[in-house]
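First comes the structure, then the notes that go with it.
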Amino acid sequence: MKNVSLIMKIFHITKHVAGYILLFTILTVINTFAGNTGKIAGKIIDKSNNRPLIGANILIMGTTMGAATGVNGEYYILDIPPGTYEIKASLIGYQSVIVKNVNVSADQTTRLDFKLGIQAVQLKSIVVIASTPIVQKDLTSTQQNISGKNIKMLPVENVQSVINLQAGVVNGHFRGGRLGEVKYMIDGVAVNDVYSGKQTMEANLNSIQELQVITGTFNAEYGQALSGVVNEITKIPNNHYSGSFSTYAGDYVTGRTSLYSYMGGMHPLRTHDIQGTLSGPIPLTNGFVKFFSSAKYLSNNGYLYGKRIFDPQDSSNFNANNPKDWYIGATGNGADVPMNYSRILTLQGKLDFKVGTGRGIILEGLYQKHDYKDYNYLFRFNPDGDYKNFQNTFLGSISYTHVFSQSAFLDLQTSIYSTDYKQYVYKNPLDPRYVSPIKFRQVGGNALYTAGTQNWHFSHNTKTYTAKISFTDQITNVHELKTGIEFDYYSMDYQDFQVMVLPQNNYKPSLPQSGAFNYNIFHNNPYQFSYYIQDKIELSYLI
């Protein structure tokens, strides 16, 4: 019987070891998880003798989050949204201590220790102002966490401008990598276009609670990132009504009017921005449902203009050696035309349903419409013949946090992210204003075009459907175990074709046959499954 018992024990040990080997093998699967919350941990001791205090209460004031110390006086509070808080420590027979300006960042542990003094009579709480540590001891990567409060003080227009201010980032390139090698997320949902790999949406600056920028050594929960990770964590609905509104207008001005003739005067509406937020509880719900909304419209004509000397349909002849014999058929009105403009409308809404003991159910929607033009110097005198770009993106998500205990919680999230991109000169491919590419040959070499239109139409539509579950358990004061699974389903549609303007059709626009070299259609539905497990080990003598 002893031998049988020994064999059974060996079998169980072998089974567990094999299971762990399997789990760590699956770590190689690509994943796209992201942490949106942080943690506060520390120890409470008696001020007079430095002995740990058992059963002391720690409360994040203004919330229902808190904890109690164990037998060694240590505590931890998990799943805290990024922000600045007031923390109160109290115990019967001891004077309470309140620490203000305690900053919590995503994926990081804020260490906060207390020393409580014995009180014979009831006294007011001691108030302490927290300071940010010079060294973040649990930080094992090159990471910056920029709070919404600090972003508000920066002279920037968008999130990308804030990212470009960080060390190791130059015009969106992380550590010299390509643009498509950076993983961008909003509240943990990837917002990279499946077709191009580039970011196609960003949140409004006024809705950012914290911006997390990682430029190296990512945790197992981050995947599909080679150069860096950016997570835009937006604000949560408030318990009371609050709002903001701001606007500005401006223009580009220079004294070098010989090069920039269109900057001869001040036109303050060439660049203007209007944005606002509103948050609070929904009436008649008794605080059960809260909302946060944000809106922004930015119109920027840019600083690069063309002059409409020629229309795309004009005809000219520069074949003669003598310029006096040239024929210049310029019918343009001579107006200054912006050639690198950008117009962005962004709308965001978030509903928070107070369900359970965690963060509850959160419904979020974000829509962005971006119309823009990329500057092409060759079209400086024929600005209406170049491409225009139109991009519409939408993000919708539902998330729920279930708290099992003080040390364990479960996150559930499902989302859809779609991008619709189009590029053309005229929306209707049979528009009679399209002309033959021969028009570009009216001038030779790298001379500026005096006529002609870009005749290709490009469009792609991508959708990403995601469902993921993550579980976090503070097993001990040293080990925080986190594991999760994710399933992604993609829908990809691509189309491009060339508008044909041929003499055999009397120079009327027509379309090629589908499947020809100048008419391409692509559709696919790839999918992927991923899994990860990680252990955050916090040893005080190592950090």
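Residues in the structure tokens are named by chain (A, B, ... in the order shown) and by number from 1 within that chain; ligands are numbered from 1 in the order shown.
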Using only C-alpha atoms, determine which residues lie at most 8 Å from Thr277 of chain A, disregarding the query and same-chain residues fewer than 4 positions distant; provide the list as an mmCIF file with N, CA and C atoms, in the first residue's frame.
```cif
data_model
loop_
_atom_site.group_PDB
_atom_site.id
_atom_site.type_symbol
_atom_site.label_atom_id
_atom_site.label_comp_id
_atom_site.auth_asym_id
_atom_site.auth_seq_id
_atom_site.Cartn_x
_atom_site.Cartn_y
_atom_site.Cartn_z
ATOM 1 N N ASN A 206 -8.614 65.451 -23.914
ATOM 2 C CA ASN A 206 -9.382 65.795 -22.714
ATOM 3 C C ASN A 206 -10.059 64.594 -22.069
ATOM 4 N N SER A 207 -9.995 63.428 -22.711
ATOM 5 C CA SER A 207 -10.594 62.223 -22.131
ATOM 6 C C SER A 207 -9.544 61.253 -21.593
ATOM 7 N N GLY A 243 -17.751 68.897 -16.064
ATOM 8 C CA GLY A 243 -17.592 69.079 -17.504
ATOM 9 C C GLY A 243 -16.490 70.074 -17.801
ATOM 10 N N SER A 244 -16.137 70.155 -19.071
ATOM 11 C CA SER A 244 -15.107 71.096 -19.501
ATOM 12 C C SER A 244 -15.385 71.506 -20.939
ATOM 13 N N PHE A 245 -14.892 72.669 -21.301
ATOM 14 C CA PHE A 245 -15.034 73.166 -22.669
ATOM 15 C C PHE A 245 -13.838 74.043 -22.991
ATOM 16 N N PHE A 292 -19.819 59.156 -19.133
ATOM 17 C CA PHE A 292 -18.753 60.081 -19.512
ATOM 18 C C PHE A 292 -18.830 60.268 -21.013
ATOM 19 N N SER A 293 -18.778 61.509 -21.462
ATOM 20 C CA SER A 293 -18.844 61.799 -22.895
ATOM 21 C C SER A 293 -17.784 62.840 -23.250
ATOM 22 N N SER A 294 -17.304 62.731 -24.468
ATOM 23 C CA SER A 294 -16.266 63.636 -24.944
ATOM 24 C C SER A 294 -16.467 63.871 -26.433
ATOM 25 N N ALA A 295 -16.219 65.097 -26.879
ATOM 26 C CA ALA A 295 -16.347 65.439 -28.293
ATOM 27 C C ALA A 295 -15.261 66.437 -28.667
#
```
10 Å contact set for Ser510 of chain A, only C-alpha atoms, chain neighbours under 5 positions out, as a PyMOL selection string
chain A and resi 429-432+434+498-502+505
Residues within 8 Å of segment 386-389 of chain A, only C-alpha atoms, excluding chain neighbours under 3 positions, as JSON, numbers by chain
{"A": [371, 372, 373, 374, 376, 379, 382, 383, 421, 422, 423, 424, 425, 453, 454]}
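Counting only C-alpha atoms, Phe404 of chain A has the following residues at most 12 Å away, ignoring those fewer than 2 positions along the same chain: Leu78, Gly356, Thr357, Gly358, Thr401, His402, Gln406, Ser407, Ala408, Phe409, Leu410, Asp411, Phe471, Thr472, Asp473 and Gln474 of chain A.
Coordinates place atom CA of Ile537 of chain A at a distance of 27.1 Å from atom CA of Thr64 of chain A.
The two atoms in question, atom CA of Ala41 of chain A and atom CA of Thr109 of chain A, are spaced 6.8 Å apart.
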